[in-house]
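final.cif, holding mmCIF, C-alpha atoms, pLDDT in the B column; chains and numbers go by the auth columns:
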data_upload
#
loop_
_atom_site.group_PDB
_atom_site.id
_atom_site.type_symbol
_atom_site.label_atom_id
_atom_site.label_comp_id
_atom_site.label_asym_id
_atom_site.label_seq_id
_atom_site.Cartn_x
_atom_site.Cartn_y
_atom_site.Cartn_z
_atom_site.B_iso_or_equiv
_atom_site.auth_seq_id
_atom_site.auth_asym_id
ATOM 1 C CA MET A 1 8.918 -29.894 -17.211 58.00 845 A
ATOM 2 C CA THR A 2 6.595 -30.834 -20.078 69.00 846 A
ATOM 3 C CA ILE A 3 5.063 -27.964 -21.991 74.00 847 A
ATOM 4 C CA GLU A 4 1.411 -28.548 -22.866 84.00 848 A
ATOM 5 C CA PRO A 5 0.263 -26.071 -25.557 88.00 849 A
ATOM 6 C CA ARG A 6 -3.368 -25.991 -24.377 89.00 850 A
ATOM 7 C CA ARG A 7 -2.347 -25.382 -20.787 88.00 851 A
ATOM 8 C CA VAL A 8 0.038 -22.597 -21.788 90.00 852 A
ATOM 9 C CA ALA A 9 -2.661 -20.993 -23.972 94.00 853 A
ATOM 10 C CA VAL A 10 -5.313 -21.010 -21.231 94.00 854 A
ATOM 11 C CA HIS A 11 -2.871 -19.699 -18.666 92.00 855 A
ATOM 12 C CA ALA A 12 -1.655 -16.946 -21.011 93.00 856 A
ATOM 13 C CA ALA A 13 -5.264 -15.981 -21.782 95.00 857 A
ATOM 14 C CA LEU A 14 -6.095 -15.662 -18.066 95.00 858 A
ATOM 15 C CA ILE A 15 -2.996 -13.566 -17.404 94.00 859 A
ATOM 16 C CA ALA A 16 -3.860 -11.385 -20.418 95.00 860 A
ATOM 17 C CA LEU A 17 -7.389 -10.957 -19.021 96.00 861 A
ATOM 18 C CA THR A 18 -5.910 -9.922 -15.675 96.00 862 A
ATOM 19 C CA ALA A 19 -3.681 -7.356 -17.394 95.00 863 A
ATOM 20 C CA VAL A 20 -6.575 -5.993 -19.481 96.00 864 A
ATOM 21 C CA SER A 21 -8.697 -5.611 -16.335 96.00 865 A
ATOM 22 C CA VAL A 22 -5.959 -3.771 -14.463 95.00 866 A
ATOM 23 C CA THR A 23 -5.458 -1.511 -17.485 96.00 867 A
ATOM 24 C CA ALA A 24 -9.194 -0.732 -17.544 96.00 868 A
ATOM 25 C CA THR A 25 -9.094 0.048 -13.818 96.00 869 A
ATOM 26 C CA ILE A 26 -6.188 2.481 -14.307 94.00 870 A
ATOM 27 C CA VAL A 27 -7.766 4.184 -17.314 95.00 871 A
ATOM 28 C CA TRP A 28 -11.152 4.515 -15.578 96.00 872 A
ATOM 29 C CA SER A 29 -9.487 5.906 -12.439 94.00 873 A
ATOM 30 C CA TYR A 30 -8.203 9.021 -14.194 92.00 874 A
ATOM 31 C CA ARG A 31 -10.819 9.341 -16.927 94.00 875 A
ATOM 32 C CA THR A 32 -14.016 8.831 -14.904 95.00 876 A
ATOM 33 C CA GLY A 33 -13.090 9.063 -11.214 94.00 877 A
ATOM 34 C CA SER A 34 -15.858 6.502 -10.614 96.00 878 A
ATOM 35 C CA LEU A 35 -15.518 4.071 -7.703 96.00 879 A
ATOM 36 C CA LEU A 36 -18.043 1.746 -9.344 97.00 880 A
ATOM 37 C CA TYR A 37 -15.932 1.438 -12.487 97.00 881 A
ATOM 38 C CA THR A 38 -12.614 1.015 -10.682 96.00 882 A
ATOM 39 C CA ALA A 39 -14.103 -1.544 -8.269 97.00 883 A
ATOM 40 C CA LEU A 40 -15.561 -3.521 -11.184 97.00 884 A
ATOM 41 C CA GLY A 41 -12.185 -3.415 -12.923 96.00 885 A
ATOM 42 C CA SER A 42 -10.522 -4.655 -9.731 96.00 886 A
ATOM 43 C CA LEU A 43 -13.096 -7.435 -9.380 96.00 887 A
ATOM 44 C CA ALA A 44 -12.440 -8.572 -12.947 97.00 888 A
ATOM 45 C CA ALA A 45 -8.660 -8.501 -12.394 96.00 889 A
ATOM 46 C CA TRP A 46 -8.883 -10.400 -9.094 95.00 890 A
ATOM 47 C CA THR A 47 -11.241 -13.009 -10.562 96.00 891 A
ATOM 48 C CA ALA A 48 -8.997 -13.586 -13.588 96.00 892 A
ATOM 49 C CA PHE A 49 -5.897 -13.788 -11.405 95.00 893 A
ATOM 50 C CA ILE A 50 -7.248 -16.294 -8.870 95.00 894 A
ATOM 51 C CA THR A 51 -8.708 -18.345 -11.724 95.00 895 A
ATOM 52 C CA ALA A 52 -5.238 -18.487 -13.302 94.00 896 A
ATOM 53 C CA HIS A 53 -3.860 -19.386 -9.870 93.00 897 A
ATOM 54 C CA ARG A 54 -6.377 -22.215 -9.482 93.00 898 A
ATOM 55 C CA PHE A 55 -5.751 -23.390 -13.028 92.00 899 A
ATOM 56 C CA GLU A 56 -2.050 -23.793 -12.298 89.00 900 A
ATOM 57 C CA THR A 57 -2.061 -24.896 -8.649 88.00 901 A
ATOM 58 C CA GLY A 58 -5.538 -26.303 -7.956 90.00 902 A
ATOM 59 C CA ARG A 59 -6.268 -23.655 -5.299 90.00 903 A
ATOM 60 C CA PHE A 60 -7.495 -20.058 -5.409 92.00 904 A
ATOM 61 C CA VAL A 61 -5.180 -18.706 -2.713 90.00 905 A
ATOM 62 C CA ASP A 62 -1.965 -20.065 -1.231 86.00 906 A
ATOM 63 C CA PRO A 63 -1.608 -21.097 2.390 85.00 907 A
ATOM 64 C CA PRO A 64 0.736 -18.940 4.477 81.00 908 A
ATOM 65 C CA GLY A 65 4.341 -20.065 4.468 74.00 909 A
ATOM 66 C CA GLY A 66 6.426 -20.853 1.457 66.00 910 A
ATOM 67 C CA ASP A 67 9.376 -22.626 0.027 65.00 911 A
ATOM 68 C CA HIS A 68 12.653 -21.051 -1.059 66.00 912 A
ATOM 69 C CA THR A 69 14.325 -24.348 -1.798 70.00 913 A
ATOM 70 C CA VAL A 70 14.358 -24.081 -5.593 70.00 914 A
ATOM 71 C CA PRO A 71 15.940 -20.704 -6.276 80.00 915 A
ATOM 72 C CA SER A 72 16.952 -20.039 -9.843 86.00 916 A
ATOM 73 C CA TYR A 73 18.657 -16.682 -9.547 89.00 917 A
ATOM 74 C CA PRO A 74 18.659 -15.852 -13.292 93.00 918 A
ATOM 75 C CA LEU A 75 14.891 -16.427 -13.488 92.00 919 A
ATOM 76 C CA LEU A 76 14.302 -14.565 -10.236 92.00 920 A
ATOM 77 C CA GLY A 77 16.386 -11.595 -11.403 94.00 921 A
ATOM 78 C CA LEU A 78 14.743 -11.529 -14.822 96.00 922 A
ATOM 79 C CA GLY A 79 11.260 -11.581 -13.294 95.00 923 A
ATOM 80 C CA LEU A 80 12.068 -8.815 -10.809 94.00 924 A
ATOM 81 C CA LEU A 81 13.566 -6.672 -13.584 95.00 925 A
ATOM 82 C CA MET A 82 10.457 -7.189 -15.709 96.00 926 A
ATOM 83 C CA MET A 83 8.223 -6.099 -12.815 95.00 927 A
ATOM 84 C CA ILE A 84 10.340 -3.009 -12.112 94.00 928 A
ATOM 85 C CA VAL A 85 10.402 -1.941 -15.772 94.00 929 A
ATOM 86 C CA ALA A 86 6.648 -2.557 -16.071 95.00 930 A
ATOM 87 C CA PHE A 87 5.795 0.500 -13.983 92.00 931 A
ATOM 88 C CA PRO A 88 7.626 3.179 -16.012 91.00 932 A
ATOM 89 C CA VAL A 89 6.065 1.644 -19.136 93.00 933 A
ATOM 90 C CA ALA A 90 2.555 1.828 -17.646 93.00 934 A
ATOM 91 C CA ILE A 91 3.169 5.351 -16.316 90.00 935 A
ATOM 92 C CA PHE A 92 4.275 6.440 -19.778 89.00 936 A
ATOM 93 C CA GLY A 93 0.991 4.985 -21.042 92.00 937 A
ATOM 94 C CA VAL A 94 -0.918 7.092 -18.510 89.00 938 A
ATOM 95 C CA HIS A 95 1.038 10.176 -19.583 87.00 939 A
ATOM 96 C CA THR A 96 0.293 9.650 -23.258 90.00 940 A
ATOM 97 C CA ASP A 97 -3.246 8.368 -22.521 91.00 941 A
ATOM 98 C CA LEU A 98 -2.568 5.234 -24.563 95.00 942 A
ATOM 99 C CA PRO A 99 -4.261 2.204 -22.956 96.00 943 A
ATOM 100 C CA VAL A 100 -2.281 -0.176 -25.187 97.00 944 A
ATOM 101 C CA VAL A 101 0.983 1.064 -23.626 96.00 945 A
ATOM 102 C CA ILE A 102 -0.496 0.661 -20.127 95.00 946 A
ATOM 103 C CA LEU A 103 -1.521 -2.865 -21.136 96.00 947 A
ATOM 104 C CA ALA A 104 2.040 -3.603 -22.285 97.00 948 A
ATOM 105 C CA GLY A 105 3.249 -2.539 -18.829 96.00 949 A
ATOM 106 C CA GLU A 106 0.691 -4.749 -17.088 95.00 950 A
ATOM 107 C CA LEU A 107 1.533 -7.757 -19.250 96.00 951 A
ATOM 108 C CA LEU A 108 5.188 -7.182 -18.429 96.00 952 A
ATOM 109 C CA PHE A 109 4.355 -7.034 -14.722 95.00 953 A
ATOM 110 C CA PHE A 110 2.294 -10.230 -14.553 95.00 954 A
ATOM 111 C CA THR A 111 4.739 -12.146 -16.750 95.00 955 A
ATOM 112 C CA GLY A 112 7.517 -10.926 -14.452 96.00 956 A
ATOM 113 C CA TRP A 113 5.483 -12.130 -11.488 94.00 957 A
ATOM 114 C CA VAL A 114 5.180 -15.722 -12.714 93.00 958 A
ATOM 115 C CA VAL A 115 8.790 -15.819 -13.958 94.00 959 A
ATOM 116 C CA SER A 116 10.220 -14.581 -10.648 93.00 960 A
ATOM 117 C CA HIS A 117 7.880 -16.826 -8.658 91.00 961 A
ATOM 118 C CA ASP A 118 9.071 -19.798 -10.672 89.00 962 A
ATOM 119 C CA GLY A 119 12.664 -18.753 -10.041 90.00 963 A
ATOM 120 C CA LEU A 120 12.123 -18.503 -6.289 87.00 964 A
ATOM 121 C CA THR A 121 9.790 -21.403 -5.555 84.00 965 A
ATOM 122 C CA GLY A 122 9.800 -23.707 -8.582 83.00 966 A
ATOM 123 C CA SER A 123 6.127 -23.065 -9.354 82.00 967 A
ATOM 124 C CA LEU A 124 4.437 -20.308 -11.328 83.00 968 A
ATOM 125 C CA TYR A 125 2.329 -19.129 -8.321 79.00 969 A
ATOM 126 C CA MET B 1 -15.477 -26.754 -1.437 68.00 639 Q
ATOM 127 C CA THR B 2 -17.193 -26.031 1.888 84.00 640 Q
ATOM 128 C CA LYS B 3 -19.698 -23.205 2.420 87.00 641 Q
ATOM 129 C CA ARG B 4 -17.200 -21.540 4.724 87.00 642 Q
ATOM 130 C CA ARG B 5 -14.568 -21.437 2.001 89.00 643 Q
ATOM 131 C CA VAL B 6 -17.013 -20.109 -0.582 92.00 644 Q
ATOM 132 C CA ALA B 7 -18.268 -17.440 1.825 93.00 645 Q
ATOM 133 C CA GLY B 8 -14.707 -16.448 2.692 92.00 646 Q
ATOM 134 C CA LEU B 9 -13.727 -16.261 -0.953 92.00 647 Q
ATOM 135 C CA ILE B 10 -16.750 -14.102 -1.820 94.00 648 Q
ATOM 136 C CA ALA B 11 -16.239 -11.791 1.175 95.00 649 Q
ATOM 137 C CA GLY B 12 -12.547 -11.529 0.342 95.00 650 Q
ATOM 138 C CA SER B 13 -13.331 -10.766 -3.296 95.00 651 Q
ATOM 139 C CA VAL B 14 -15.699 -7.952 -2.310 96.00 652 Q
ATOM 140 C CA LEU B 15 -13.000 -6.405 -0.120 96.00 653 Q
ATOM 141 C CA VAL B 16 -10.322 -6.818 -2.790 96.00 654 Q
ATOM 142 C CA SER B 17 -12.571 -5.192 -5.423 96.00 655 Q
ATOM 143 C CA ALA B 18 -13.600 -2.268 -3.234 97.00 656 Q
ATOM 144 C CA GLY B 19 -10.046 -1.761 -1.974 97.00 657 Q
ATOM 145 C CA GLY B 20 -8.634 -1.909 -5.489 96.00 658 Q
ATOM 146 C CA GLY B 21 -11.159 0.668 -6.657 96.00 659 Q
ATOM 147 C CA VAL B 22 -10.357 3.009 -3.785 97.00 660 Q
ATOM 148 C CA ALA B 23 -6.596 2.597 -4.316 96.00 661 Q
ATOM 149 C CA ALA B 24 -6.862 3.284 -8.064 96.00 662 Q
ATOM 150 C CA LEU B 25 -8.761 6.504 -7.399 96.00 663 Q
ATOM 151 C CA GLY B 26 -6.206 7.433 -4.737 95.00 664 Q
ATOM 152 C CA MET B 27 -3.404 7.050 -7.273 94.00 665 Q
ATOM 153 C CA ALA B 28 -5.192 9.171 -9.850 93.00 666 Q
ATOM 154 C CA GLY B 29 -5.990 11.829 -7.238 93.00 667 Q
ATOM 155 C CA GLY B 30 -2.489 11.854 -5.744 93.00 668 Q
ATOM 156 C CA SER B 31 -3.658 10.769 -2.278 96.00 669 Q
ATOM 157 C CA TYR B 32 -1.085 8.701 -0.394 96.00 670 Q
ATOM 158 C CA LEU B 33 -3.520 7.967 2.446 97.00 671 Q
ATOM 159 C CA GLN B 34 -6.369 6.828 0.192 97.00 672 Q
ATOM 160 C CA THR B 35 -4.051 4.588 -1.808 97.00 673 Q
ATOM 161 C CA TYR B 36 -2.577 3.092 1.370 97.00 674 Q
ATOM 162 C CA VAL B 37 -6.017 2.436 2.858 97.00 675 Q
ATOM 163 C CA GLY B 38 -7.244 0.955 -0.437 97.00 676 Q
ATOM 164 C CA PHE B 39 -4.368 -1.514 -0.645 96.00 677 Q
ATOM 165 C CA ALA B 40 -4.754 -2.362 3.062 96.00 678 Q
ATOM 166 C CA VAL B 41 -8.379 -3.307 2.332 97.00 679 Q
ATOM 167 C CA VAL B 42 -7.193 -5.406 -0.634 96.00 680 Q
ATOM 168 C CA LEU B 43 -4.838 -7.311 1.667 95.00 681 Q
ATOM 169 C CA ALA B 44 -7.573 -7.700 4.300 95.00 682 Q
ATOM 170 C CA GLY B 45 -9.694 -9.303 1.583 95.00 683 Q
ATOM 171 C CA TYR B 46 -6.868 -11.596 0.587 94.00 684 Q
ATOM 172 C CA ARG B 47 -6.364 -12.586 4.214 92.00 685 Q
ATOM 173 C CA ALA B 48 -10.108 -13.224 4.670 93.00 686 Q
ATOM 174 C CA ALA B 49 -10.111 -15.605 1.701 93.00 687 Q
ATOM 175 C CA GLN B 50 -6.933 -17.230 2.996 91.00 688 Q
ATOM 176 C CA TYR B 51 -8.310 -17.605 6.528 90.00 689 Q
ATOM 177 C CA ALA B 52 -11.516 -19.210 5.256 91.00 690 Q
ATOM 178 C CA THR B 53 -9.462 -21.687 3.243 90.00 691 Q
ATOM 179 C CA TYR B 54 -6.679 -22.473 5.712 90.00 692 Q
ATOM 180 C CA PRO B 55 -7.940 -21.640 9.233 88.00 693 Q
ATOM 181 C CA ASP B 56 -5.663 -24.208 10.856 88.00 694 Q
ATOM 182 C CA ARG B 57 -2.592 -22.637 9.293 85.00 695 Q
ATOM 183 C CA LEU B 58 -3.434 -19.113 10.390 83.00 696 Q
ATOM 184 C CA ARG B 59 -4.707 -19.696 13.943 84.00 697 Q
ATOM 185 C CA PRO B 60 -1.225 -20.544 15.307 83.00 698 Q
ATOM 186 C CA ARG B 61 0.082 -17.288 13.811 79.00 699 Q
ATOM 187 C CA LEU B 62 -2.588 -15.301 15.625 79.00 700 Q
ATOM 188 C CA ALA B 63 -1.887 -17.197 18.837 83.00 701 Q
ATOM 189 C CA ALA B 64 1.830 -16.458 18.462 81.00 702 Q
ATOM 190 C CA PHE B 65 1.004 -12.762 18.212 79.00 703 Q
ATOM 191 C CA ARG B 66 -0.630 -12.947 21.664 81.00 704 Q
ATOM 192 C CA THR B 67 2.257 -14.777 23.296 87.00 705 Q
ATOM 193 C CA ASP B 68 5.018 -12.728 21.659 87.00 706 Q
ATOM 194 C CA LEU B 69 3.701 -9.192 21.530 86.00 707 Q
ATOM 195 C CA ALA B 70 7.046 -7.574 20.663 89.00 708 Q
ATOM 196 C CA GLY B 71 7.595 -9.965 17.765 87.00 709 Q
ATOM 197 C CA GLY B 72 4.042 -9.439 16.576 87.00 710 Q
ATOM 198 C CA LEU B 73 4.384 -5.668 16.665 90.00 711 Q
ATOM 199 C CA LEU B 74 7.679 -5.848 14.793 91.00 712 Q
ATOM 200 C CA ALA B 75 6.080 -8.035 12.099 88.00 713 Q
ATOM 201 C CA THR B 76 3.144 -5.611 11.866 91.00 714 Q
ATOM 202 C CA GLY B 77 5.534 -2.681 11.559 94.00 715 Q
ATOM 203 C CA ILE B 78 7.447 -4.377 8.750 94.00 716 Q
ATOM 204 C CA PHE B 79 4.168 -5.132 6.999 93.00 717 Q
ATOM 205 C CA ALA B 80 3.009 -1.505 7.364 95.00 718 Q
ATOM 206 C CA ALA B 81 6.338 -0.185 6.055 96.00 719 Q
ATOM 207 C CA GLY B 82 6.234 -2.514 3.046 95.00 720 Q
ATOM 208 C CA LEU B 83 2.686 -1.484 2.277 96.00 721 Q
ATOM 209 C CA PHE B 84 3.670 2.175 2.562 96.00 722 Q
ATOM 210 C CA LEU B 85 6.499 1.746 0.044 95.00 723 Q
ATOM 211 C CA PHE B 86 4.165 -0.151 -2.278 95.00 724 Q
ATOM 212 C CA SER B 87 1.426 2.506 -2.103 96.00 725 Q
ATOM 213 C CA ALA B 88 3.727 5.510 -2.234 95.00 726 Q
ATOM 214 C CA GLY B 89 5.483 4.153 -5.324 94.00 727 Q
ATOM 215 C CA PHE B 90 2.161 3.955 -7.112 93.00 728 Q
ATOM 216 C CA VAL B 91 1.138 7.490 -6.148 94.00 729 Q
ATOM 217 C CA PHE B 92 4.320 9.320 -7.093 89.00 730 Q
ATOM 218 C CA GLY B 93 4.681 7.226 -10.226 89.00 731 Q
ATOM 219 C CA ALA B 94 1.120 7.928 -11.320 87.00 732 Q
ATOM 220 C CA GLN B 95 1.495 11.621 -10.561 86.00 733 Q
ATOM 221 C CA ALA B 96 4.644 11.770 -12.693 84.00 734 Q
ATOM 222 C CA GLY B 97 2.680 10.136 -15.503 81.00 735 Q
ATOM 223 C CA LEU B 98 -0.275 12.486 -15.189 80.00 736 Q
ATOM 224 C CA GLN B 99 1.806 15.668 -15.358 78.00 737 Q
ATOM 225 C CA PRO B 100 1.656 17.419 -18.730 77.00 738 Q
ATOM 226 C CA ALA B 101 5.370 17.453 -19.552 71.00 739 Q
ATOM 227 C CA LEU B 102 7.567 14.396 -19.389 64.00 740 Q
ATOM 228 C CA GLN B 103 11.114 15.561 -18.661 68.00 741 Q
ATOM 229 C CA ALA B 104 14.324 13.878 -17.521 69.00 742 Q
ATOM 230 C CA GLY B 105 13.515 14.162 -13.802 75.00 743 Q
ATOM 231 C CA LYS B 106 10.153 12.530 -14.387 75.00 744 Q
ATOM 232 C CA TYR B 107 11.744 9.535 -16.090 77.00 745 Q
ATOM 233 C CA LEU B 108 13.852 9.138 -12.961 82.00 746 Q
ATOM 234 C CA ARG B 109 10.722 9.292 -10.796 84.00 747 Q
ATOM 235 C CA MET B 110 9.006 6.736 -13.000 82.00 748 Q
ATOM 236 C CA ALA B 111 11.960 4.344 -12.734 84.00 749 Q
ATOM 237 C CA ALA B 112 12.196 4.956 -8.982 91.00 750 Q
ATOM 238 C CA SER B 113 8.510 4.166 -8.612 92.00 751 Q
ATOM 239 C CA GLY B 114 9.044 0.734 -10.192 91.00 752 Q
ATOM 240 C CA VAL B 115 11.859 -0.077 -7.749 94.00 753 Q
ATOM 241 C CA THR B 116 9.845 1.259 -4.795 94.00 754 Q
ATOM 242 C CA ILE B 117 6.680 -0.655 -5.686 94.00 755 Q
ATOM 243 C CA VAL B 118 8.443 -3.974 -6.236 94.00 756 Q
ATOM 244 C CA THR B 119 10.505 -3.561 -3.042 94.00 757 Q
ATOM 245 C CA GLY B 120 7.336 -2.773 -1.073 93.00 758 Q
ATOM 246 C CA MET B 121 5.583 -5.714 -2.681 93.00 759 Q
ATOM 247 C CA LEU B 122 8.335 -8.163 -1.689 92.00 760 Q
ATOM 248 C CA ILE B 123 8.385 -6.890 1.913 94.00 761 Q
ATOM 249 C CA THR B 124 4.594 -6.984 2.226 92.00 762 Q
ATOM 250 C CA HIS B 125 4.237 -10.410 0.622 90.00 763 Q
ATOM 251 C CA ASN B 126 6.940 -11.752 2.910 87.00 764 Q
ATOM 252 C CA ALA B 127 5.175 -10.307 5.963 87.00 765 Q
ATOM 253 C CA VAL B 128 1.827 -11.808 4.924 85.00 766 Q
ATOM 254 C CA ASN B 129 2.898 -15.192 3.593 84.00 767 Q
ATOM 255 C CA GLY B 130 6.405 -15.802 4.901 81.00 768 Q
ATOM 256 C CA VAL B 131 7.812 -15.897 1.383 82.00 769 Q
ATOM 257 C CA ALA B 132 8.818 -12.911 -0.745 81.00 770 Q
ATOM 258 C CA LEU B 133 6.750 -13.889 -3.798 80.00 771 Q
#
As structure tokens - that is how I would like this structure written.
Amino acid sequence: MTIEPRRVAVHAALIALTAVSVTATIVWSYRTGSLLYTALGSLAAWTAFITAHRFETGRFVDPPGGDHTVPSYPLLGLGLLMMIVAFPVAIFGVHTDLPVVILAGELLFFTGWVVSHDGLTGSLY
Amino acid sequence: MTKRRVAGLIAGSVLVSAGGGVAALGMAGGSYLQTYVGFAVVLAGYRAAQYATYPDRLRPRLAAFRTDLAGGLLATGIFAAGLFLFSAGFVFGAQAGLQPALQAGKYLRMAASGVTIVTGMLITHNAVNGVAL
């Protein structure tokens, strides 16, 4: 696989935007209790995520059905571990009311998602 | 992109946004039901966008549900169970985080929430898309 710096940068920026939006949604949920704010945060996260998905695959959502023919168990295990660890990190951020720690958890989660997806299917999404 | 796809994507996005908002408030408020319903709406939105984009891939699945009711109910039950694990993990994890003191038992709950959420996510994604991720 050839690594294109521009492609990696755009993809990373979209994933970072997704993580920032989810972080805002979480913070607004317990600070404001406002459905408007949390729904806007969710909209931003969803939009960033499907844009990243389209950027990588050429489509916003996947068709049903999938392919398990390219399993890389180390990548799959690493990605799953990253996703599992992401939640305690984000919860600790909620406890300490530090959005940057919540963001670290979200970045860990979405990076884990693409890593494990690549391990299971051979593509990032 | 056809009008149908655009309409489906917009309708799906509205449902995903509203559902995500409801689920986030459910987590903060400690409501298992609200969080579950919120995430169910998110998945309905995802399915709406998916159906608008790939109607020919989803129609046979719906038809199969009618011809094999037992299999369809089993698949629905697995989906519901996965979604429950996913939602519940968020609620008890968030509640552990929102409590004033962070003690050893709470770290265990936080770690358990990560395992529960990811397990629920894999089960639900597999039920919806036929692949775990």
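We find atom CA of Tyr674 of chain Q and atom CA of Gly752 of chain Q to be spaced 16.6 Å apart.
The chain A residues that come within 7 Å of chain Q are A:Thr869, A:Ile870, A:Ser873, A:Tyr874, A:Gly877, A:Leu879, A:Thr882, A:Ala883, A:Leu884, A:Ser886, A:Leu887, A:Val905, A:Pro907, A:Pro908, A:Gly909, A:Gly910, A:Met927, A:Ile928, A:Val929, A:Phe931, A:Pro932, A:Ile935, A:Phe936, A:Val938, A:His939, A:His961, with all atoms listed in the file taken into account.
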Atom CA of Leu968 of chain A to atom CA of Gly921 of chain A, straight-line distance in Å =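 Rounded to one decimal, the two atoms are 14.8 Å apart.
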So that all listed atoms of segment 861-878 of chain A fit with 6 Å spare on each side, what axis-aligned box centre and edge lengths in Å, to one decimal, would you give as JSON?
{"center_x": -9.8, "center_y": -0.8, "center_z": -15.0, "size_x": 24.2, "size_y": 32.3, "size_z": 20.9}
Please, what distance in Å, to one decimal, runs between atom CA of Ala868 of chain A and atom CA of Gly720 of chain Q?
->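 Computed distance, atom CA of Ala868 of chain A to atom CA of Gly720 of chain Q, equals 25.8 Å.
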Using the chain letters and numbering of this document, enumerate as a list in words the residues selected by the PyMOL selection byres ((chain A and resi 966) around 10).
->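 Taken on the displayed file, the PyMOL selection byres ((chain A and resi 966) around 10) yields the residues Asp911, His912, Thr913, Val914, Pro915, Ser916, Val959, Ser960, His961, Asp962, Gly963, Leu964, Thr965, Ser967, Leu968 and Tyr969 of chain A.
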Picked residues, the PyMOL selection byres ((chain A and resi 947) around 10), as a list of chain:residue names | A:Ala860, A:Thr862, A:Ala863, A:Val864, A:Ser865, A:Val866, A:Thr867, A:Ala868, A:Ile870, A:Ala930, A:Val933, A:Ala934, A:Gly937, A:Leu942, A:Pro943, A:Val944, A:Val945, A:Ile946, A:Ala948, A:Gly949, A:Glu950, A:Leu951, A:Leu952, A:Phe953
Produce a file of the selected residues containing C-alpha atoms, as a PDB file, in the frame of the given file.
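And here's out.pdb as it stands now:
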ATOM      1  CA  ALA A 860      -3.860 -11.385 -20.418  1.00 95.00           C
ATOM      2  CA  THR A 862      -5.910  -9.922 -15.675  1.00 96.00           C
ATOM      3  CA  ALA A 863      -3.681  -7.356 -17.394  1.00 95.00           C
ATOM      4  CA  VAL A 864      -6.575  -5.993 -19.481  1.00 96.00           C
ATOM      5  CA  SER A 865      -8.697  -5.611 -16.335  1.00 96.00           C
ATOM      6  CA  VAL A 866      -5.959  -3.771 -14.463  1.00 95.00           C
ATOM      7  CA  THR A 867      -5.458  -1.511 -17.485  1.00 96.00           C
ATOM      8  CA  ALA A 868      -9.194  -0.732 -17.544  1.00 96.00           C
ATOM      9  CA  ILE A 870      -6.188   2.481 -14.307  1.00 94.00           C
ATOM     10  CA  ALA A 930       6.648  -2.557 -16.071  1.00 95.00           C
ATOM     11  CA  VAL A 933       6.065   1.644 -19.136  1.00 93.00           C
ATOM     12  CA  ALA A 934       2.555   1.828 -17.646  1.00 93.00           C
ATOM     13  CA  GLY A 937       0.991   4.985 -21.042  1.00 92.00           C
ATOM     14  CA  LEU A 942      -2.568   5.234 -24.563  1.00 95.00           C
ATOM     15  CA  PRO A 943      -4.261   2.204 -22.956  1.00 96.00           C
ATOM     16  CA  VAL A 944      -2.281  -0.176 -25.187  1.00 97.00           C
ATOM     17  CA  VAL A 945       0.983   1.064 -23.626  1.00 96.00           C
ATOM     18  CA  ILE A 946      -0.496   0.661 -20.127  1.00 95.00           C
ATOM     19  CA  ALA A 948       2.040  -3.603 -22.285  1.00 97.00           C
ATOM     20  CA  GLY A 949       3.249  -2.539 -18.829  1.00 96.00           C
ATOM     21  CA  GLU A 950       0.691  -4.749 -17.088  1.00 95.00           C
ATOM     22  CA  LEU A 951       1.533  -7.757 -19.250  1.00 96.00           C
ATOM     23  CA  LEU A 952       5.188  -7.182 -18.429  1.00 96.00           C
ATOM     24  CA  PHE A 953       4.355  -7.034 -14.722  1.00 95.00           C
TER      25      PHE A 953
END
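Taking only C-alpha atoms into account, Ala892 of chain A lies nearest to A:Ala857 out of the set A:Leu920, A:Val871, A:Ala857, A:Arg851.
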